[in-house]
Every structure is written in C-alpha cells, then in structure tokens.
file target_36.txt (compact mmCIF, C-alpha atoms)
# COMPACT_ATOMS: atom_id res chain seq x y z
CA PRO A 881 20.06 80.55 -62.78
CA GLY A 882 16.94 80.73 -60.61
CA LYS A 883 15.87 78.45 -57.79
CA PRO A 884 17.12 74.88 -58.25
CA ASP A 885 14.75 71.93 -58.10
CA GLU A 886 14.38 70.29 -54.71
CA PRO A 887 16.14 66.90 -54.53
CA GLY A 888 12.90 64.96 -54.02
CA GLU A 889 12.59 61.69 -52.12
CA MET A 890 15.76 60.54 -50.42
CA PRO A 891 17.12 57.23 -51.77
CA ALA A 892 16.95 54.16 -49.58
CA ASP A 893 19.94 53.48 -47.33
CA ALA A 894 21.12 57.08 -47.60
CA GLY A 895 23.27 58.35 -44.75
CA ALA A 896 21.82 60.31 -41.90
CA THR A 897 23.98 63.37 -42.57
CA LEU A 898 24.82 65.34 -45.68
CA ASP A 899 28.49 64.45 -45.33
CA GLU A 900 27.65 60.75 -45.28
CA ARG A 901 25.50 61.12 -48.38
CA LEU A 902 28.25 62.99 -50.23
CA ARG A 903 30.69 60.15 -49.51
CA HIS A 904 28.22 57.35 -50.21
CA THR A 905 29.23 54.49 -52.52
CA LYS A 906 25.91 54.69 -54.41
CA TRP A 907 25.86 57.34 -57.12
CA SER A 908 22.14 57.92 -56.62
CA VAL A 909 22.73 58.99 -53.03
CA ARG A 910 25.60 61.28 -54.01
CA ALA A 911 23.45 62.81 -56.76
CA TYR A 912 20.71 63.48 -54.20
CA ALA A 913 23.27 65.06 -51.87
CA TYR A 914 24.69 67.41 -54.51
CA GLN A 915 21.20 68.62 -55.34
CA GLU A 916 20.76 69.26 -51.61
CA VAL A 917 23.92 71.35 -51.75
CA ALA A 918 22.62 73.31 -54.75
CA CYS A 919 19.45 74.20 -52.82
CA ALA A 920 21.43 75.10 -49.69
CA ILE A 921 23.69 77.42 -51.69
CA PHE A 922 20.67 79.09 -53.27
CA ARG A 923 19.15 79.74 -49.85
CA LEU A 924 22.45 81.07 -48.51
CA GLY A 925 22.90 83.31 -51.52
CA SER A 926 19.36 84.64 -51.25
CA GLN A 927 19.98 85.54 -47.60
CA ALA A 928 23.23 87.28 -48.48
CA ARG A 929 21.59 89.40 -51.16
CA SER A 930 18.83 90.39 -48.75
CA GLY A 931 21.49 91.80 -46.41
CA ASP A 932 21.90 88.87 -44.01
CA SER A 933 25.65 88.14 -43.83
CA SER A 934 25.47 85.95 -40.74
CA GLU A 935 26.30 82.83 -42.76
CA ASP A 936 29.42 84.14 -44.52
CA ALA A 937 31.60 81.41 -43.00
CA ALA A 938 29.48 78.74 -44.66
CA TRP A 939 30.84 79.64 -48.10
CA SER A 940 34.25 78.19 -47.27
CA ALA A 941 32.65 74.84 -46.49
CA HIS A 942 30.64 74.90 -49.70
CA VAL A 943 33.65 75.52 -51.95
CA ALA A 944 35.27 72.27 -50.83
CA VAL A 945 32.06 70.30 -51.43
CA VAL A 946 31.49 71.78 -54.88
CA ALA A 947 35.11 71.21 -55.88
CA LYS A 948 34.85 67.56 -54.88
CA GLY A 949 31.58 67.21 -56.80
CA LEU A 950 33.13 68.53 -60.01
CA GLY A 951 35.46 65.55 -59.90
CA GLU A 952 32.57 63.07 -59.93
CA THR A 953 32.96 60.08 -62.24
CA ASN A 954 29.25 59.21 -62.41
CA VAL A 955 27.47 61.32 -65.03
CA VAL A 956 24.23 61.70 -63.07
CA ALA A 957 25.99 62.69 -59.86
CA LEU A 958 28.21 65.09 -61.85
CA ASP A 959 25.10 66.67 -63.36
CA LYS A 960 23.82 67.48 -59.88
CA ALA A 961 27.25 68.69 -58.77
CA LEU A 962 27.27 71.04 -61.76
CA ASN A 963 23.92 72.41 -60.54
CA ALA A 964 25.61 73.17 -57.23
CA ALA A 965 28.53 74.83 -59.02
CA VAL A 966 26.17 77.08 -61.00
CA GLN A 967 24.55 78.27 -57.77
CA PHE A 968 27.92 78.73 -56.08
CA LEU A 969 29.30 80.85 -58.93
CA GLU A 970 26.17 82.97 -58.89
CA TYR A 971 26.21 83.82 -55.20
CA ALA A 972 29.56 83.03 -53.54
CA PRO A 973 32.24 85.64 -52.79
CA LEU A 974 34.40 86.24 -55.85
CA ALA A 975 37.58 85.17 -54.08
CA LEU A 976 36.10 81.72 -53.50
CA CYS A 977 34.86 81.54 -57.09
CA LYS A 978 38.45 82.08 -58.20
CA GLU A 979 39.59 79.36 -55.80
CA LEU A 980 37.04 76.97 -57.28
CA ALA A 981 38.07 77.85 -60.82
CA ALA A 982 41.77 77.37 -60.10
CA SER A 983 41.23 73.90 -58.66
CA CYS A 984 38.57 72.58 -61.06
CA ALA A 985 38.80 74.31 -64.45
CA PRO A 986 41.66 72.18 -65.85
CA ALA A 987 39.87 68.88 -65.23
CA LEU A 988 36.52 70.22 -66.44
CA ILE A 989 38.09 71.38 -69.69
CA ALA A 990 40.09 68.20 -70.25
CA LYS A 991 37.37 65.68 -69.41
CA GLY A 992 33.97 67.35 -69.31
CA LEU A 993 33.70 70.01 -71.99
CA ALA A 994 32.97 67.59 -74.83
CA ALA A 995 31.06 65.04 -72.78
CA PRO A 996 27.82 64.05 -74.57
CA ARG A 997 25.61 64.35 -71.49
CA ASN A 998 27.13 67.14 -69.38
CA GLY A 999 29.17 69.12 -71.91
CA ALA A 1000 26.68 71.99 -72.21
CA LYS A 1001 26.43 72.36 -68.45
CA VAL A 1002 30.24 72.23 -68.09
CA GLN A 1003 30.39 75.03 -70.67
CA ASP A 1004 27.93 77.05 -68.59
CA VAL A 1005 30.00 76.55 -65.44
CA LEU A 1006 33.21 77.65 -67.18
CA LEU A 1007 31.52 80.77 -68.53
CA ARG A 1008 30.19 81.56 -65.08
CA MET A 1009 33.70 81.22 -63.69
CA ILE A 1010 34.83 83.88 -66.18
CA GLN A 1011 31.86 86.05 -65.30
CA ALA A 1012 32.85 85.75 -61.64
CA GLU A 1013 36.19 87.38 -62.50
CA ALA A 1014 38.09 84.08 -62.64
CA GLY A 1015 39.16 84.54 -66.24
CA GLU A 1016 42.81 84.42 -65.24
CA GLN A 1017 42.22 80.92 -63.88
CA VAL A 1018 40.05 79.67 -66.78
CA VAL A 1019 41.00 81.23 -70.11
CA PRO A 1020 44.65 80.04 -70.23
CA GLN A 1021 43.44 76.54 -69.34
CA LEU A 1022 41.04 76.67 -72.27
CA VAL A 1023 43.92 77.46 -74.59
CA LEU A 1024 45.98 74.61 -73.16
CA GLY A 1025 42.98 72.29 -73.45
CA MET A 1026 42.51 73.06 -77.12
CA LYS A 1027 46.21 72.46 -77.80
CA SER A 1028 46.45 69.26 -75.79
CA LYS A 1029 46.51 66.00 -77.73
CA ASN A 1030 44.66 64.37 -74.84
CA SER A 1031 41.81 66.88 -74.72
CA LYS A 1032 38.45 65.42 -75.73
CA GLN A 1033 37.39 68.81 -77.02
CA SER A 1034 40.58 69.14 -79.07
CA LYS A 1035 39.87 65.78 -80.70
CA GLN A 1036 36.29 66.85 -81.40
CA ASN A 1037 37.42 69.66 -83.72
CA THR A 1038 37.50 68.73 -87.39
CA PRO A 1039 39.30 70.34 -90.37
CA SER A 1040 36.12 72.27 -91.15
CA GLN A 1041 36.04 73.58 -87.56
CA PRO A 1042 39.17 75.63 -86.78
CA ARG A 1043 41.04 74.40 -83.73
CA SER A 1044 40.16 77.24 -81.44
CA PHE A 1045 39.28 77.41 -77.78
CA ALA A 1046 36.39 79.66 -78.82
CA TYR A 1047 34.69 76.87 -80.76
CA PRO A 1048 32.89 75.06 -77.90
CA PHE A 1049 31.57 78.35 -76.58
CA SER A 1050 29.93 79.41 -79.85
CA LEU A 1051 31.88 82.66 -79.83
CA SER A 1052 32.89 84.58 -82.91
CA ILE A 1053 36.58 85.30 -83.56
CA GLN A 1054 37.07 89.01 -83.95
CA PRO A 1055 40.57 90.51 -84.26
CA ASN A 1056 41.32 93.57 -82.16
CA THR A 1057 38.19 93.32 -80.02
CA THR A 1058 37.52 92.52 -76.40
CA PRO A 1059 34.33 91.31 -74.69
CA PRO A 1060 32.14 93.97 -73.11
CA ASN A 1061 32.32 94.41 -69.33
CA LEU A 1062 35.31 92.10 -69.01
CA ALA A 1063 36.62 92.23 -65.46
CA ALA A 1064 40.14 93.54 -64.94
CA SER A 1065 41.54 90.17 -63.89
CA SER A 1066 39.97 88.46 -66.90
CA ARG A 1067 41.19 91.21 -69.25
CA GLN A 1068 44.77 90.71 -68.04
CA ALA A 1069 44.59 86.99 -68.78
CA TRP A 1070 42.98 87.74 -72.13
CA ASN A 1071 45.75 90.13 -73.14
CA SER A 1072 48.44 87.64 -72.18
CA ILE A 1073 46.87 85.13 -74.59
CA VAL A 1074 46.74 87.71 -77.36
CA ASP A 1075 50.39 88.61 -76.75
CA ALA A 1076 51.21 84.91 -77.17
CA GLY A 1077 49.69 84.96 -80.65
CA GLU A 1078 46.14 83.80 -79.91
CA SER A 1079 43.09 85.49 -81.43
CA GLN A 1080 40.86 87.58 -79.28
CA ILE A 1081 37.24 86.61 -78.85
CA GLU A 1082 34.02 88.56 -78.87
CA ALA A 1083 31.31 87.06 -76.72
CA THR A 1084 27.99 86.43 -78.41
CA CYS A 1085 26.13 84.71 -75.60
CA CYS A 1086 26.99 86.20 -72.20
CA SER A 1087 27.80 89.46 -70.46
CA TRP A 1088 31.16 88.16 -69.16
CA ARG A 1089 30.67 89.62 -65.71
CA ARG A 1090 28.47 88.46 -62.86
CA ASP A 1091 25.85 91.00 -61.88
CA SER A 1092 25.79 90.93 -58.08
CA ALA A 1093 22.63 93.00 -58.05
CA SER A 1094 20.54 90.54 -60.07
call {"tool": "encode", "arguments": {"input": "target_36.txt", "output": "structure tokens"}}
result
Amino acid sequence: PGKPDEPGEMPADAGATLDERLRHTKWSVRAYAYQEVACAIFRLGSQARSGDSSEDAAWSAHVAVVAKGLGETNVVALDKALNAAVQFLEYAPLALCKELAASCAPALIAKGLAAPRNGAKVQDVLLRMIQAEAGEQVVPQLVLGMKSKNSKQSKQNTPSQPRSFAYPFSLSIQPNTTPPNLAASSRQAWNSIVDAGESQIEATCCSWRRDSAS
C-alpha cells in the first residue's frame, strides 16, 4: 500500500494523547487519530522488515485500536480507520490479522461493502484479510452476507447481476478452479464452501497471498 499520508494539522481541542483522540466525541479528531495510527503501523512494519523486532509487543495494542476503528459510524473517521487496517494487514503478524478478520469481517460485509463512500476500501481490506491467510474467517462470512436479507450488498444485486459473493470483488466464476497461491487455511475454507454447493472463484485482481518480502 505504500507510505500513508501524514495526518496533517491536529484539530482544535484534540486530546493530549492518542488514546484521548481515539475516544473523542468529534469525528474530525477521531479521523486524525486513526490516520496517526496508520502512520505508526507503517513505521512499525518498516522496522520489522528491516530486522528490528524490538517492537513486536506493540502489534497486540494496534489490533485492538484497528478493530475499534472498523466499527466507526462516521464515514470520514471510518475512511481513516480503513487506512490503518490496510497498513496493519500488510505488516502485522498473520495470527493477529486472523484475529482482526474474525472480529471485524462480519460487520464490514454486512454494513460497509456496498457503502457509497467507503465500499471500495472495505473491499480492499477484505481482500487483504484473505491475502493474510484469514480466508477461513472471511470467505464464509461473504457467503452469509450475500444470502442475508439484511445485507446491503445482497440488496444491491439485481436480476441481471447473479446473486454471488464474487460480484462485489469483480471476480470471474470458474467451475473447478482455485485461486493461485491460496494459503492452506484459505483453501480449506474455500473447499468447505464448494462442498456446500457454492461455485469456486478465480481471482482476477489480486495474488491472494500477502508477500512478506515486498
């Protein structure tokens, strides 16, 4: 994803600490704080890839912050929280990526995937969860989301657009195929969906696995 933009000038009346800004009643302050978090995660991830593992414990603190941000109700603050999630899924340990996916994927699919403003970025985050070997946590939720009568994305499908969880990801339906480089945990979840009668999917827009060397 590259280096995120710096948050810029701090809003007036913002809290003195990051924690205060994350809990602030003003959405503009929370948005600023989540962009701070995105930058902090990028710096931590860059250090880790350069061989400095002294900050490993910090990842556990970041997963809680990112998870809370993905539940934001303000669209601007959510946009910045999604930036933080993208950075987290790029750099964080895979076990914590799975933890984030398990706690946040259902709500993102149900409420955010078809959102006019943040839907594309929500899609990117869900794909990155799968790439980070959290397919078992994400793919079944996508199927449930497409079948749910309450799902915004389910309602968005029309008769000319088959009701498929592949639709919002611009993926082609290909029987008897599997995505390239699909991680073992994601492949297991994939096969369970196929066994239940769902079509398999062939990715057309991503590698399906995070490259830790990039």
call {"tool": "closest_residue", "arguments": {"input": "target_36.txt", "among": "A:Gln1021, A:Ser983, A:Asn963, A:Thr897", "to": "Val1005 of chain A", "atoms": "only C-alpha atoms"}}
result
A:Asn963
call {"tool": "closest_atom_pairs", "arguments": {"input": "target_36.txt", "of": "segment 887-996 of chain A", "to": "segment 1007-1016 of chain A", "cutoff": "9 Å", "atoms": "all atoms listed in the file", "output": "CSV"}}
result
residue,atom,partner,partner_atom,distance
A:Val966,CA,A:Arg1008,CA,7.3
A:Leu969,CA,A:Arg1008,CA,6.3
A:Glu970,CA,A:Arg1008,CA,7.5
A:Pro973,CA,A:Ala1012,CA,8.9
A:Leu974,CA,A:Ala1012,CA,6.0
A:Ala975,CA,A:Ala1014,CA,8.6
A:Cys977,CA,A:Ala1012,CA,6.5
A:Lys978,CA,A:Ala1014,CA,4.9
A:Glu979,CA,A:Ala1014,CA,8.4
A:Leu980,CA,A:Met1009,CA,8.4
A:Ala981,CA,A:Met1009,CA,6.2
A:Ala982,CA,A:Ala1014,CA,8.1
A:Ala985,CA,A:Met1009,CA,8.6
call {"tool": "closest_atom_pairs", "arguments": {"input": "target_36.txt", "of": "segment 888-965 of chain A", "to": "segment 995-1002 of chain A", "cutoff": "9 Å", "atoms": "all atoms listed in the file", "output": "tab-separated table"}}
result
residue	atom	partner	partner_atom	distance
A:Val955	CA	A:Asn998	CA	7.3
A:Val956	CA	A:Asn998	CA	8.8
A:Leu958	CA	A:Asn998	CA	7.9
A:Asp959	CA	A:Asn998	CA	6.4
A:Leu962	CA	A:Lys1001	CA	6.9
A:Asn963	CA	A:Lys1001	CA	8.3
call {"tool": "closest_residue", "arguments": {"input": "target_36.txt", "among": "A:Ala920, A:Ala938, A:Asp1004, A:Ala957", "to": "Ile989 of chain A", "atoms": "all atoms listed in the file"}}
result
A:Asp1004
call {"tool": "residues_around", "arguments": {"input": "target_36.txt", "residues": "Leu950 of chain A", "least_positions_apart": "3", "cutoff": "9 Å", "atoms": "only C-alpha atoms", "output": "list in words"}}
result
Val945, Val946, Ala947, Thr953, Leu958, Asp959, Ala961, Leu962, Ala965, Cys984, Ala987 and Leu988 of chain A
call {"tool": "atom_distance", "arguments": {"input": "target_36.txt", "atom1": "atom CA of Asp893 of chain A", "atom2": "atom CA of Ser940 of chain A"}}
result
28.6 Å
call {"tool": "closest_residue", "arguments": {"input": "target_36.txt", "among": "A:Leu976, A:Leu898, A:Val943, A:Leu993", "to": "Tyr914 of chain A", "atoms": "all atoms listed in the file"}}
result
A:Leu898
call {"tool": "axis_aligned_box", "arguments": {"input": "target_36.txt", "around": "segment 970-984 of chain A", "padding_each_side": "3 Å", "output": "JSON"}}
result
{"center_x": 34.0, "center_y": 79.4, "center_z": -56.9, "size_x": 21.6, "size_y": 19.7, "size_z": 14.3}
call {"tool": "residues_around", "arguments": {"input": "target_36.txt", "residues": "segment 905-908 of chain A", "least_positions_apart": "2", "cutoff": "8 Å", "atoms": "all atoms listed in the file", "output": "ChimeraX atom specification"}}
result
/A:891,903,910-912,954,956-957
call {"tool": "write_last_selection", "arguments": {"input": "target_36.txt", "atoms": "C-alpha atoms", "output": "mmCIF file, in the coordinates of the input"}}
result
data_model
loop_
_atom_site.group_PDB
_atom_site.id
_atom_site.type_symbol
_atom_site.label_atom_id
_atom_site.label_comp_id
_atom_site.auth_asym_id
_atom_site.auth_seq_id
_atom_site.Cartn_x
_atom_site.Cartn_y
_atom_site.Cartn_z
ATOM 1 C CA PRO A 891 17.120 57.230 -51.770
ATOM 2 C CA ARG A 903 30.690 60.150 -49.510
ATOM 3 C CA ARG A 910 25.600 61.280 -54.010
ATOM 4 C CA ALA A 911 23.450 62.810 -56.760
ATOM 5 C CA TYR A 912 20.710 63.480 -54.200
ATOM 6 C CA ASN A 954 29.250 59.210 -62.410
ATOM 7 C CA VAL A 956 24.230 61.700 -63.070
ATOM 8 C CA ALA A 957 25.990 62.690 -59.860
#
call {"tool": "atom_distance", "arguments": {"input": "target_36.txt", "atom1": "atom CA of Lys960 of chain A", "atom2": "atom CA of Val917 of chain A"}}
result
9.0 Å
call {"tool": "atom_distance", "arguments": {"input": "target_36.txt", "atom1": "atom CA of Tyr971 of chain A", "atom2": "atom CA of Ile921 of chain A"}}
result
7.7 Å
